[in-house]
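Worksheet: the structure to be examined is printed underneath.
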Amino acid sequence: MQTEPVALHPDSRPDAGVLRSSIEYHLRYTVGKNPAAATLTDWRLAVSRAIRDLVIAPWFETTERIRAGRHKRVCYLSMEFLIGRLLEDAISNLGLDETLRDVVTAFDVDYAAMLTDEPDAALGNGGLGRLAACFLDSMSTVGLAAYGYGIRYDHGLFRQSFEDGWQTEEAEDWLRQIHPWEFERPETRYRISFGGELAKENGTVVWRPEETVLAVGYDTPVPGWRGRWANTLRLWSAKAEREFDLEPFNRGDHLAAVAPSVLTETISRVLYPDDTTEQGKLLRLKQEYFFTAASLADILRRYLAQQGDVTKLPQTIAIQLNDTHPAIAFPELIRLLVDLHGQPFAAAFEIARNCLHYTNHTLLPEALERWPIDLMGRVLPRHLQLIEQIDAHHANSVRRPDSVSILDGQEVRMGNLAFIGARRVNGVSALHTKLMKQTVFKELHALHPERIVNQTNGVTPRRWIYNCNPALRGLLHESIGDDWVTDLDRLQGLVPLAEDAGFRQRFAAAKRDNKLCLADHLHGILGVAVDPDAIFDIQIKRLHEYKRQLLNILHAVALWNEIRRDPEAERPARVKIFGGKAAPGYAMAKQIIKLINDVGATINADPLMAGRLQVVYPPNYNVSMAELLIPAADLSEQISTAGMEASGTGNMKLAMNGALTIGTLDGANIEIAEAVGADNIFIFGLTADQVADLRENGYDPDAYIAAEPRLAEVLDQIAAGIFSPDDPQRYAGLVDNLRSNDWFLVAADFGAYWDAQSRVEAAWSDRDAWTRSAVLNTARMGWFSSDRTIRGYARDIWNAEPAF
């Protein structure tokens, strides 16, 4: 019986006997079960521990290489890390797929069931968090010295279910089971302060906080491909300094005894608490400062352990702010440098600014956070004082209009704070970066024209082809070798194979296998049968009006009407599949979910639609569901209002896996269209410039509706309660908004969308030609690897050198 952990080195792999011994050891001595009594979860935990053991050696070796080599460290601060399941990811990164499958099967354990037994880590919501996870994978794969910093949420966002078609939210319980990948670091704890007052002592400002909580670190190793390098994801959990008060307990007030602990731990309990209330805003601001302050304290501690001069911090440390959530880092780092390390304010300003970099993810003004000055002053009085100094210092250093100030009336503009406090500000697609310069940061860009750079997003091919699409993986390995896993440009080798009829047949067979797998899954969770020979038309995104799930479901109703009018017309079968959650406080998004489900219920109950049209909305979309949906997609819906989607990453994953895109010229769709070719994508609708012109010159949605009889009919049906007979007025407000306001230009783009969908149907009628286009989509998506993106950040923003 094994009594020591197994070490993995890049030039060696444990054989089946070693793995078997390690799994048996952990089953007995870590999980505490013998094989006869072990459940599937017990086996999964034992295997996870055995695999984690193999990551330890490269993890430690990476740390030593970073220390010895004086590598510049990249610290990536993000409110979300949507990492999904980790077991399969680690197995494939270590090159143990086949060996471990054989070992686990020999224990009479279902290998696939064991992998899916792992709960998704509830640490994110959408593209922002999944991008952060892809970046962690790529930073380890290319060998950058990197740390990810975030929050260890007890319950994440929420678990979505549908009750009578309405979204309901329940707490995620992913931590109810042991999370076998993390290491608690009880010695790594920092006091994080809130509230209180400021005083002057000996001419210096002293912050006397009213409340203090502890941030305790939990580390998860992140191995790169083949275990050559392993970085760290450090997540912070909020703990009370005094967890239990015995005095009220002894007098019978048991709730008061635990109140401090309960209130403190609320900070790391839920991702994005509803901020429509004052308490919700307070909690959101505390969360953002909590993880940012803990991360900066940790970064400085590590730096000072090797370096003594804080003025040289930018030479060794690059800090990336993933959106405005950690924008409080600028005043916090200045506070540490001034209050704790005696730096003059002007020097601290420059040190901090040369360390910090900011990724913008949105052009929506409401998504660029603003905090009431009163709230900022109550929660972080020292920081409000420093923000005032930062604003004044910037105003004195450049001749600027008042419109670019950080303080705007009674609000703190965190987007402006992030811009002013960053050495580089990057957009995430070519269009997004261009629009940043022209719109949301136009005046700041004029003052600092060197600051904005572009880094188009990418996704990791390890998870989003290698792991999630084994059928395609096998075909790629046979056809072009396996170097594509770390050099995705090798997919170009598929271009000539698109002309090979035999290859196209094998590519189509791989897609059909994936569709059969998804069909089985949907039947298992929803009890619905879908036709794998139909077009799988998939839109998977968080619910937001600008992403225009509404446009998609309106098309479904119009298609329903057309089929009912002429059921004998030649038309391919189509299954529209939606996936995504709405923020709990976003009433319109939740009503759109209800409409999708109401329309789906009507269409799916219509016998005439059998074999023709279906609408399916599986609840609780997450990474693991994406890993089923993406390989099975035929059509990728990327239909946001032009100029409003920063980039998107789902568009990349779907195209890589051989889905054809129907989309607007928005975000990275433009670069995808350039890559795959105009004949292999379905582009429609207004451009970003046309959207801006239409809004500026007066947009009359009712006129567009009148010009589109199909759309007028659909809206009349919805308004009349055809899809909500129990409540005919349910969608009156939604329809009125489309007719009178329609900020996201659904009506303006409906006709072009209908025409593009007609082109989709015509293209599908020649399945071999469709497959050729699908092959070319996969072949030409190599540029959209997150490895390329990370090398760009390292070169253009961080001045850091990858090891590989």
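How things are named: the first chain in the structure tokens is A, the next is B, and so on; residues count from 1 in each chain; ligands count from 1 in the order shown.
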**Request:** Fewer than 5 positions away in the same chain doesn't count, so skip those; otherwise give me all residues within 8 Å of A:Gly658, counting only C-alpha atoms, as an MDAnalysis selection string.
**Result:** chainID A and resid 511 631 633:634 774:778
**Prompt:** Where in stretch 72-294 of chain A does DSSP assign alpha helix (DSSP H), given as a ChimeraX atom specification?
**Reply:** /A:87-93,97-106,111-116,127-142,246-250,254-265,278-294
Can you check which parts of stretch 411-437 of chain A lie within 8 Å of stretch 646-655 of chain A? Per residue, the shortest pair of atoms and distance in Å to one decimal, counting only C-alpha atoms, sorted by chain and number, as CSV.
residue,atom,partner,partner_atom,distance
A:Gly427,CA,A:Ala646,CA,7.6
A:Val428,CA,A:Ser647,CA,5.7
A:Ser429,CA,A:Ser647,CA,5.2
A:Leu431,CA,A:Ala646,CA,7.8
A:His432,CA,A:Ala646,CA,5.1
**Asked** By how many Å are atom CA of A:Lys200 and atom CA of A:Trp371 apart?
**Response** 26.1 Å
**Message:** Which residues are near A:Pro209? Cut-off 10 Å, only C-alpha atoms, ignore same chain within fewer than 2 positions. Put them as a list in words.
**Reply:**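 The neighbour list is Ile192, Ser193, Phe194, Gly195, Gly196, Glu197, Leu198, Val206, Trp207, Glu211, Thr212, Val379, Leu380, Pro381 and Arg382 of chain A.
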**Distance query stretch 473-487 of chain A at most 8 Å, only C-alpha atoms, self and fewer than 3 positions along chain excluded, as a PyMOL selection string** = chain A and resi 141+225+461-462+465-466+469-470+490-491+493-494+506-507+782+787
